[in-house]
file final16.csv (CSV, C-alpha atoms)
chain,number,residue,atom,x,y,z
A,1,LYS,CA,4.9,-8.3,-15.3
A,2,GLN,CA,6.7,-6.7,-12.4
A,3,GLU,CA,7.4,-9.0,-9.4
A,4,VAL,CA,8.8,-7.8,-6.1
A,5,THR,CA,10.6,-10.1,-3.7
A,6,GLN,CA,11.6,-9.3,-0.1
A,7,ILE,CA,14.2,-11.3,1.8
A,8,PRO,CA,14.2,-12.4,4.6
A,9,ALA,CA,10.5,-13.1,5.2
A,10,ALA,CA,11.1,-12.7,8.9
A,11,LEU,CA,13.9,-11.5,11.1
A,12,SER,CA,14.5,-11.5,14.8
A,13,VAL,CA,17.3,-9.4,16.3
A,14,PRO,CA,18.4,-8.2,19.7
A,15,GLU,CA,18.0,-4.5,20.5
A,16,GLY,CA,20.8,-2.3,19.3
A,17,GLU,CA,21.8,-4.3,16.3
A,18,ASN,CA,22.1,-2.8,12.8
A,19,LEU,CA,20.2,-4.6,10.2
A,20,VAL,CA,19.5,-4.8,6.4
A,21,LEU,CA,16.2,-5.6,4.7
A,22,ASN,CA,16.4,-6.6,1.0
A,23,CYS,CA,14.0,-5.9,-1.9
A,24,SER,CA,14.4,-7.0,-5.5
A,25,PHE,CA,12.3,-6.4,-8.5
A,26,THR,CA,12.3,-8.0,-11.9
A,27,ASP,CA,11.7,-5.0,-14.2
A,28,SER,CA,14.2,-2.2,-13.7
A,29,ALA,CA,12.1,0.4,-15.6
A,30,ILE,CA,10.7,1.8,-12.4
A,31,TYR,CA,9.5,5.3,-11.6
A,32,ASN,CA,10.2,5.1,-7.9
A,33,LEU,CA,10.4,2.8,-5.0
A,34,GLN,CA,8.8,3.2,-1.5
A,35,TRP,CA,9.5,1.6,1.8
A,36,PHE,CA,6.6,1.3,4.2
A,37,ARG,CA,6.0,0.1,7.7
A,38,GLN,CA,2.9,-1.7,8.7
A,39,ASP,CA,2.0,-2.4,12.4
A,40,PRO,CA,-0.4,-5.4,13.1
A,41,GLY,CA,-3.9,-4.5,12.2
A,42,LYS,CA,-2.9,-1.0,11.1
A,43,GLY,CA,-2.4,0.9,7.9
A,44,LEU,CA,0.8,1.7,6.1
A,45,THR,CA,3.2,4.4,7.1
A,46,SER,CA,5.5,5.7,4.3
A,47,LEU,CA,9.2,5.6,5.5
A,48,LEU,CA,11.2,6.6,2.4
A,49,LEU,CA,10.7,7.2,-1.3
A,50,ILE,CA,13.5,6.9,-3.8
A,51,GLN,CA,13.1,8.3,-7.3
A,52,SER,CA,14.5,6.2,-10.1
A,53,SER,CA,17.3,8.8,-10.6
A,54,GLN,CA,18.4,8.7,-7.0
A,55,ARG,CA,20.8,6.2,-5.3
A,56,GLU,CA,19.7,6.6,-1.6
A,57,GLN,CA,17.5,8.4,0.9
A,58,THR,CA,18.0,8.9,4.6
A,59,SER,CA,15.6,9.6,7.4
A,60,GLY,CA,16.9,9.4,11.0
A,61,ARG,CA,18.1,5.9,11.6
A,62,LEU,CA,16.8,4.7,8.3
A,63,ASN,CA,18.7,4.6,5.0
A,64,ALA,CA,17.4,3.2,1.8
A,65,SER,CA,19.5,2.6,-1.3
A,66,LEU,CA,18.5,1.8,-4.8
A,67,ASP,CA,20.4,0.0,-7.6
A,68,LYS,CA,18.0,0.3,-10.4
A,69,SER,CA,20.1,-1.6,-13.0
A,70,SER,CA,20.4,-4.7,-10.8
A,71,GLY,CA,16.8,-4.4,-9.6
A,72,ARG,CA,17.7,-4.1,-5.9
A,73,SER,CA,17.0,-1.9,-2.9
A,74,THR,CA,18.0,-2.2,0.7
A,75,LEU,CA,16.6,-0.7,3.8
A,76,TYR,CA,19.2,-0.2,6.5
A,77,ILE,CA,18.1,0.3,10.1
A,78,ALA,CA,20.7,1.5,12.5
A,79,ALA,CA,20.7,0.8,16.3
A,80,SER,CA,17.4,-1.1,16.2
A,81,GLN,CA,14.8,-0.6,19.0
A,82,PRO,CA,11.8,-2.7,20.1
A,83,GLY,CA,9.6,0.0,18.7
A,84,ASP,CA,10.9,-0.9,15.2
A,85,SER,CA,9.1,-4.2,15.4
A,86,ALA,CA,6.7,-4.3,12.5
A,87,THR,CA,6.3,-5.6,8.9
A,88,TYR,CA,8.4,-3.6,6.4
A,89,LEU,CA,7.0,-3.5,2.8
A,90,CYS,CA,8.8,-2.5,-0.4
A,91,ALA,CA,6.8,-1.3,-3.3
A,92,VAL,CA,7.6,0.0,-6.8
A,93,ALA,CA,5.7,2.2,-9.2
A,94,MET,CA,6.3,1.7,-12.9
A,95,GLU,CA,5.3,5.1,-14.1
A,96,TYR,CA,4.0,8.3,-12.7
A,97,GLY,CA,0.5,8.0,-11.3
A,98,ASN,CA,0.6,4.3,-11.7
A,99,LYS,CA,-0.2,1.5,-9.2
A,100,LEU,CA,2.3,0.3,-6.6
A,101,VAL,CA,3.5,-3.4,-6.8
A,102,PHE,CA,4.2,-4.7,-3.4
A,103,GLY,CA,6.5,-7.3,-2.0
A,104,ALA,CA,5.2,-9.7,0.6
A,105,GLY,CA,7.1,-7.9,3.4
A,106,THR,CA,9.7,-8.7,6.0
A,107,ILE,CA,8.4,-9.2,9.6
A,108,LEU,CA,10.9,-7.7,12.0
A,109,ARG,CA,11.0,-8.4,15.7
A,110,VAL,CA,13.5,-6.5,17.8
A,111,LYS,CA,13.9,-8.1,21.2
A,112,SER,CA,14.7,-6.0,24.3
B,1,ASN,CA,-3.8,18.5,7.3
B,2,ALA,CA,-5.7,15.3,8.1
B,3,GLY,CA,-4.5,12.1,6.6
B,4,VAL,CA,-6.4,9.7,4.4
B,5,MET,CA,-9.6,8.7,6.1
B,6,GLN,CA,-11.4,5.5,5.6
B,7,ASN,CA,-14.7,4.3,7.1
B,8,PRO,CA,-15.9,2.2,8.5
B,9,ARG,CA,-12.8,0.7,10.1
B,10,HIS,CA,-14.4,-2.6,10.6
B,11,LEU,CA,-17.4,-4.0,8.6
B,12,VAL,CA,-19.2,-7.3,9.1
B,13,ARG,CA,-21.5,-8.6,6.4
B,14,ARG,CA,-23.3,-11.8,5.8
B,15,ARG,CA,-22.9,-13.6,2.5
B,16,GLY,CA,-25.0,-12.0,-0.2
B,17,GLN,CA,-25.1,-8.6,1.3
B,18,GLU,CA,-23.5,-5.4,-0.1
B,19,ALA,CA,-20.4,-3.7,1.3
B,20,ARG,CA,-19.6,0.0,0.8
B,21,LEU,CA,-16.2,1.2,1.8
B,22,ARG,CA,-15.5,4.9,1.8
B,23,CYS,CA,-12.2,6.8,1.4
B,24,SER,CA,-11.6,10.5,1.8
B,25,PRO,CA,-8.2,11.5,0.3
B,26,MET,CA,-5.9,14.0,1.9
B,27,LYS,CA,-6.7,17.6,1.2
B,28,GLY,CA,-5.5,18.7,-2.2
B,29,HIS,CA,-5.1,15.1,-3.4
B,30,SER,CA,-7.1,14.1,-6.5
B,31,HIS,CA,-5.7,10.7,-7.2
B,32,VAL,CA,-7.1,7.7,-5.3
B,33,TYR,CA,-6.0,4.1,-5.3
B,34,TRP,CA,-7.6,1.0,-3.7
B,35,TYR,CA,-5.6,-2.0,-2.6
B,36,ARG,CA,-6.7,-5.3,-1.0
B,37,GLN,CA,-4.7,-7.3,1.5
B,38,LEU,CA,-6.0,-10.9,1.8
B,39,PRO,CA,-5.1,-12.9,4.9
B,40,GLU,CA,-1.5,-14.0,4.8
B,41,GLU,CA,-1.0,-12.3,1.4
B,42,GLY,CA,0.6,-9.0,0.3
B,43,LEU,CA,-1.2,-5.9,-0.9
B,44,LYS,CA,-2.6,-6.1,-4.4
B,45,PHE,CA,-3.7,-3.1,-6.5
B,46,MET,CA,-7.3,-3.0,-7.4
B,47,VAL,CA,-8.2,0.4,-9.0
B,48,TYR,CA,-6.9,3.9,-9.6
B,49,LEU,CA,-9.3,6.8,-9.9
B,50,GLN,CA,-9.2,10.5,-10.5
B,51,LYS,CA,-12.2,12.8,-9.9
B,52,GLU,CA,-15.1,11.3,-12.0
B,53,ASN,CA,-12.7,9.0,-13.9
B,54,ILE,CA,-11.5,5.4,-13.6
B,55,ILE,CA,-7.9,5.4,-14.9
B,56,ASP,CA,-6.8,1.8,-14.3
B,57,GLU,CA,-9.1,-1.0,-13.0
B,58,SER,CA,-6.9,-3.8,-14.1
B,59,GLY,CA,-6.8,-5.3,-10.5
B,60,MET,CA,-10.5,-5.3,-10.0
B,61,PRO,CA,-12.4,-8.6,-10.1
B,62,LYS,CA,-14.6,-8.7,-13.1
B,63,GLU,CA,-17.9,-9.2,-11.2
B,64,ARG,CA,-19.5,-7.7,-8.1
B,65,PHE,CA,-16.8,-5.0,-7.5
B,66,SER,CA,-17.1,-1.4,-8.6
B,67,ALA,CA,-15.5,1.9,-7.6
B,68,GLU,CA,-16.2,5.6,-8.0
B,69,PHE,CA,-14.7,8.9,-7.1
B,70,PRO,CA,-17.4,11.6,-7.7
B,71,LYS,CA,-16.8,15.3,-8.1
B,72,GLU,CA,-18.0,15.8,-4.6
B,73,GLY,CA,-17.6,13.4,-1.7
B,74,PRO,CA,-15.4,10.4,-0.9
B,75,SER,CA,-14.4,7.6,-3.2
B,76,ILE,CA,-16.5,4.5,-2.8
B,77,LEU,CA,-15.5,0.9,-3.2
B,78,ARG,CA,-18.7,-1.2,-3.6
B,79,ILE,CA,-18.8,-5.0,-3.3
B,80,GLN,CA,-22.1,-6.6,-4.2
B,81,GLN,CA,-23.3,-10.0,-3.0
B,82,VAL,CA,-20.3,-10.5,-0.8
B,83,VAL,CA,-18.7,-14.0,-0.4
B,84,ARG,CA,-16.4,-15.3,2.3
B,85,GLY,CA,-13.4,-14.9,0.0
B,86,ASP,CA,-14.0,-11.1,0.0
B,87,SER,CA,-12.9,-11.0,3.7
B,88,ALA,CA,-9.8,-8.9,3.7
B,89,ALA,CA,-8.3,-5.5,4.6
B,90,TYR,CA,-9.1,-2.8,2.0
B,91,PHE,CA,-6.7,0.1,1.9
B,92,CYS,CA,-7.1,3.4,0.2
B,93,ALA,CA,-4.2,5.6,-0.8
B,94,SER,CA,-4.1,9.1,-2.3
B,95,SER,CA,-1.5,11.3,-4.0
B,96,PRO,CA,-1.5,14.9,-5.0
B,97,ILE,CA,-2.2,16.2,-8.5
B,98,VAL,CA,0.9,18.3,-9.1
B,99,THR,CA,4.1,16.5,-8.1
B,100,SER,CA,6.7,14.4,-9.6
B,101,LEU,CA,7.1,12.3,-6.5
B,102,ASN,CA,3.9,10.2,-6.9
B,103,GLU,CA,4.2,9.4,-3.3
B,104,GLN,CA,1.1,7.5,-2.1
B,105,PHE,CA,-0.3,8.1,1.4
B,106,PHE,CA,-2.3,5.3,2.9
B,107,GLY,CA,-5.4,5.3,5.1
B,108,PRO,CA,-5.9,3.0,8.1
B,109,GLY,CA,-7.9,0.5,6.1
B,110,THR,CA,-11.3,-1.1,6.3
B,111,ARG,CA,-11.4,-4.7,7.6
B,112,LEU,CA,-14.2,-6.6,6.0
B,113,THR,CA,-15.4,-9.8,7.5
B,114,VAL,CA,-18.0,-11.9,5.6
B,115,LEU,CA,-19.9,-14.4,7.8
call {"tool": "encode", "arguments": {"input": "final16.csv", "output": "structure tokens"}}
result
Amino acid sequence: KQEVTQIPAALSVPEGENLVLNCSFTDSAIYNLQWFRQDPGKGLTSLLLIQSSQREQTSGRLNASLDKSSGRSTLYIAASQPGDSATYLCAVAMEYGNKLVFGAGTILRVKS
Amino acid sequence: NAGVMQNPRHLVRRRGQEARLRCSPMKGHSHVYWYRQLPEEGLKFMVYLQKENIIDESGMPKERFSAEFPKEGPSILRIQQVVRGDSAAYFCASSPIVTSLNEQFFGPGTRLTVL
């Protein structure tokens, strides 16, 4: 049974700092991995999707890496801004068309 | 292209009533997933449907919960005889039929409160 863990559970940083969010999964036979952002009381916004054959994906100030063999992914946020404050969720899909298994999330607060 | 739509956004029911949650996938998407987010917990998969078929319902509670995705119209998640423990945010996601990405796009959710 796939389990996804996210560390840290919560993070508070000053504006402008670069930061790393961690995600680990127990079964390395994944199809892809997605990072999402969830604002309080809102839905999920997809940030980045990494296929199992890829090592990283970049979008603006965000960079996600994937080390499938060790069961790890990181989300790097450069030059953090108060608007980045949200819960960040990592989720893995085990095969095409299959369900996503989510981590519990990292609550990020960027202080101005 | 409108995103995934869910309605209602907020739903209040008394114990024993029925709750019907609707999800309209993005245009061109024929795969629909339902997830539940209980208070202070992560999102948990409930059911995966394609048009007129339930593909995977391994996350659905055995009783009172059902889901459908008819040929025409939105997907419906139905909860009969609701209890306080059903209070949660219910999210729908969709993905397109022809793609290797399997990227799922989420709706804004329906927040169910059972009194």
call {"tool": "atom_distance", "arguments": {"input": "final16.csv", "atom1": "atom CA of A:Asp84", "atom2": "atom CA of A:Leu66"}}
result
21.6 Å
call {"tool": "residues_around", "arguments": {"input": "final16.csv", "residues": "stretch 11-13 of chain B", "least_positions_apart": "4", "cutoff": "12 Å", "atoms": "all atoms listed in the file", "output": "number ranges by chain"}}
result
B: 6-7, 17-22, 79-84, 86-90, 109-115
call {"tool": "interface_residues", "arguments": {"input": "final16.csv", "of": "chain A", "to": "chain B", "cutoff": "8 Å", "atoms": "all atoms listed in the file", "output": "PDB file with C-alpha atoms, in the frame of the given file"}}
result
ATOM      1  CA  ASN A  32      10.200   5.100  -7.900  1.00  0.00           C
ATOM      2  CA  GLN A  34       8.800   3.200  -1.500  1.00  0.00           C
ATOM      3  CA  LYS A  42      -2.900  -1.000  11.100  1.00  0.00           C
ATOM      4  CA  GLY A  43      -2.400   0.900   7.900  1.00  0.00           C
ATOM      5  CA  LEU A  44       0.800   1.700   6.100  1.00  0.00           C
ATOM      6  CA  THR A  45       3.200   4.400   7.100  1.00  0.00           C
ATOM      7  CA  SER A  46       5.500   5.700   4.300  1.00  0.00           C
ATOM      8  CA  LEU A  49      10.700   7.200  -1.300  1.00  0.00           C
ATOM      9  CA  GLN A  51      13.100   8.300  -7.300  1.00  0.00           C
ATOM     10  CA  TYR A  96       4.000   8.300 -12.700  1.00  0.00           C
ATOM     11  CA  GLY A  97       0.500   8.000 -11.300  1.00  0.00           C
ATOM     12  CA  ASN A  98       0.600   4.300 -11.700  1.00  0.00           C
ATOM     13  CA  LYS A  99      -0.200   1.500  -9.200  1.00  0.00           C
ATOM     14  CA  LEU A 100       2.300   0.300  -6.600  1.00  0.00           C
ATOM     15  CA  VAL A 101       3.500  -3.400  -6.800  1.00  0.00           C
ATOM     16  CA  PHE A 102       4.200  -4.700  -3.400  1.00  0.00           C
ATOM     17  CA  GLY A 103       6.500  -7.300  -2.000  1.00  0.00           C
ATOM     18  CA  ALA A 104       5.200  -9.700   0.600  1.00  0.00           C
ATOM     19  CA  GLY A 105       7.100  -7.900   3.400  1.00  0.00           C
TER      20      GLY A 105
END
call {"tool": "closest_residue", "arguments": {"input": "final16.csv", "among": "A:Ser12, A:Ser80, A:Gln54, A:Thr87", "to": "A:Ile107", "atoms": "all atoms listed in the file"}}
result
A:Thr87
call {"tool": "closest_atom_pairs", "arguments": {"input": "final16.csv", "of": "stretch 57-77 of chain A", "to": "stretch 91-95 of chain A", "cutoff": "12 Å", "atoms": "all atoms listed in the file", "output": "CSV"}}
result
residue,atom,partner,partner_atom,distance
A:Leu66,CA,A:Val92,CA,11.2
A:Lys68,CA,A:Val92,CA,11.0
A:Gly71,CA,A:Val92,CA,10.6
A:Arg72,CA,A:Val92,CA,10.9
A:Ser73,CA,A:Ala91,CA,10.2
A:Thr74,CA,A:Ala91,CA,11.9
call {"tool": "atom_distance", "arguments": {"input": "final16.csv", "atom1": "atom CA of B:Ser94", "atom2": "atom CA of B:Ile76"}}
result
13.2 Å
call {"tool": "residues_around", "arguments": {"input": "final16.csv", "residues": "A:Ala86", "least_positions_apart": "5", "cutoff": "6 Å", "atoms": "all atoms listed in the file", "output": "JSON, numbers by chain"}}
result
{"A": [38, 39, 107, 108]}
call {"tool": "atom_distance", "arguments": {"input": "final16.csv", "atom1": "atom CA of A:Leu21", "atom2": "atom CA of A:Tyr88"}}
result
8.2 Å
call {"tool": "residues_around", "arguments": {"input": "final16.csv", "residues": "A:Trp35", "least_positions_apart": "4", "cutoff": "6 Å", "atoms": "only C-alpha atoms", "output": "PyMOL selection string"}}
result
chain A and resi 47-48+89-90
call {"tool": "residues_around", "arguments": {"input": "final16.csv", "residues": "A:Val20", "least_positions_apart": "2", "cutoff": "7 Å", "atoms": "only C-alpha atoms", "output": "ChimeraX atom specification"}}
result
/A:22,74-77
call {"tool": "closest_residue", "arguments": {"input": "final16.csv", "among": "B:Val4, B:Ile54, B:Ala67, B:Met60", "to": "B:Ser24", "atoms": "only C-alpha atoms"}}
result
B:Val4
call {"tool": "closest_residue", "arguments": {"input": "final16.csv", "among": "B:Lys51, B:Lys62, B:Arg78, B:Lys71", "to": "B:Ser30", "atoms": "only C-alpha atoms"}}
result
B:Lys51
call {"tool": "decode", "arguments": {"input": "final16.csv", "residues": "stretch 26-54 of chain A", "atoms": "N, CA and C atoms", "output": "JSON list (two decimals), in the first residue's frame"}}
result
[["chain", "number", "residue", "atom", "x", "y", "z"],
["A", 26, "THR", "N", 6.48, 5.34, -0.41],
["A", 26, "THR", "CA", 7.03, 4.04, -0.02],
["A", 26, "THR", "C", 7.17, 3.07, -1.19],
["A", 27, "ASP", "N", 6.33, 3.18, -2.20],
["A", 27, "ASP", "CA", 6.37, 2.29, -3.36],
["A", 27, "ASP", "C", 6.88, 3.10, -4.56],
["A", 28, "SER", "N", 8.05, 2.73, -5.07],
["A", 28, "SER", "CA", 8.67, 3.53, -6.12],
["A", 28, "SER", "C", 8.08, 3.28, -7.52],
["A", 29, "ALA", "N", 7.16, 2.34, -7.64],
["A", 29, "ALA", "CA", 6.56, 2.03, -8.94],
["A", 29, "ALA", "C", 5.44, 3.00, -9.27],
["A", 30, "ILE", "N", 5.78, 4.28, -9.36],
["A", 30, "ILE", "CA", 4.76, 5.29, -9.61],
["A", 30, "ILE", "C", 4.67, 5.60, -11.09],
["A", 31, "TYR", "N", 3.52, 6.14, -11.50],
["A", 31, "TYR", "CA", 3.33, 6.58, -12.88],
["A", 31, "TYR", "C", 3.72, 8.05, -13.02],
["A", 32, "ASN", "N", 3.29, 8.86, -12.08],
["A", 32, "ASN", "CA", 3.71, 10.26, -12.05],
["A", 32, "ASN", "C", 3.52, 10.82, -10.65],
["A", 33, "LEU", "N", 4.00, 12.03, -10.46],
["A", 33, "LEU", "CA", 3.88, 12.73, -9.19],
["A", 33, "LEU", "C", 3.44, 14.15, -9.47],
["A", 34, "GLN", "N", 2.45, 14.63, -8.72],
["A", 34, "GLN", "CA", 1.95, 16.00, -8.89],
["A", 34, "GLN", "C", 2.12, 16.78, -7.60],
["A", 35, "TRP", "N", 2.49, 18.04, -7.76],
["A", 35, "TRP", "CA", 2.48, 18.99, -6.65],
["A", 35, "TRP", "C", 1.30, 19.94, -6.84],
["A", 36, "PHE", "N", 0.57, 20.16, -5.75],
["A", 36, "PHE", "CA", -0.60, 21.04, -5.76],
["A", 36, "PHE", "C", -0.44, 22.12, -4.70],
["A", 37, "ARG", "N", -1.19, 23.17, -4.89],
["A", 37, "ARG", "CA", -1.31, 24.21, -3.89],
["A", 37, "ARG", "C", -2.79, 24.30, -3.50],
["A", 38, "GLN", "N", -3.05, 24.43, -2.19],
["A", 38, "GLN", "CA", -4.42, 24.59, -1.73],
["A", 38, "GLN", "C", -4.48, 25.80, -0.79],
["A", 39, "ASP", "N", -5.29, 26.77, -1.15],
["A", 39, "ASP", "CA", -5.52, 27.93, -0.29],
["A", 39, "ASP", "C", -6.67, 27.61, 0.66],
["A", 40, "PRO", "N", -6.71, 28.23, 1.84],
["A", 40, "PRO", "CA", -7.74, 27.91, 2.84],
["A", 40, "PRO", "C", -9.14, 27.99, 2.27],
["A", 41, "GLY", "N", -9.90, 26.93, 2.44],
["A", 41, "GLY", "CA", -11.28, 26.89, 2.00],
["A", 41, "GLY", "C", -11.45, 26.81, 0.49],
["A", 42, "LYS", "N", -10.38, 26.54, -0.22],
["A", 42, "LYS", "CA", -10.43, 26.52, -1.69],
["A", 42, "LYS", "C", -10.10, 25.14, -2.23],
["A", 43, "GLY", "N", -10.16, 25.03, -3.55],
["A", 43, "GLY", "CA", -9.79, 23.79, -4.21],
["A", 43, "GLY", "C", -8.29, 23.68, -4.40],
["A", 44, "LEU", "N", -7.90, 22.70, -5.21],
["A", 44, "LEU", "CA", -6.48, 22.44, -5.46],
["A", 44, "LEU", "C", -6.08, 23.02, -6.81],
["A", 45, "THR", "N", -4.92, 23.65, -6.83],
["A", 45, "THR", "CA", -4.34, 24.15, -8.07],
["A", 45, "THR", "C", -3.10, 23.31, -8.39],
["A", 46, "SER", "N", -3.09, 22.72, -9.58],
["A", 46, "SER", "CA", -1.94, 21.92, -9.98],
["A", 46, "SER", "C", -0.76, 22.84, -10.28],
["A", 47, "LEU", "N", 0.39, 22.53, -9.68],
["A", 47, "LEU", "CA", 1.59, 23.34, -9.87],
["A", 47, "LEU", "C", 2.52, 22.70, -10.90],
["A", 48, "LEU", "N", 2.86, 21.45, -10.66],
["A", 48, "LEU", "CA", 3.81, 20.74, -11.51],
["A", 48, "LEU", "C", 3.46, 19.26, -11.52],
["A", 49, "LEU", "N", 3.67, 18.63, -12.68],
["A", 49, "LEU", "CA", 3.51, 17.18, -12.80],
["A", 49, "LEU", "C", 4.81, 16.62, -13.36],
["A", 50, "ILE", "N", 5.33, 15.59, -12.71],
["A", 50, "ILE", "CA", 6.56, 14.95, -13.17],
["A", 50, "ILE", "C", 6.23, 13.51, -13.53],
["A", 51, "GLN", "N", 6.51, 13.14, -14.77],
["A", 51, "GLN", "CA", 6.36, 11.75, -15.18],
["A", 51, "GLN", "C", 7.45, 10.89, -14.53],
["A", 52, "SER", "N", 7.20, 9.61, -14.41],
["A", 52, "SER", "CA", 8.14, 8.73, -13.73],
["A", 52, "SER", "C", 9.50, 8.68, -14.45],
["A", 53, "SER", "N", 9.50, 8.98, -15.74],
["A", 53, "SER", "CA", 10.75, 8.93, -16.51],
["A", 53, "SER", "C", 11.52, 10.25, -16.43],
["A", 54, "GLN", "N", 10.94, 11.27, -15.81],
["A", 54, "GLN", "CA", 11.57, 12.58, -15.74],
["A", 54, "GLN", "C", 12.28, 12.77, -14.40]]
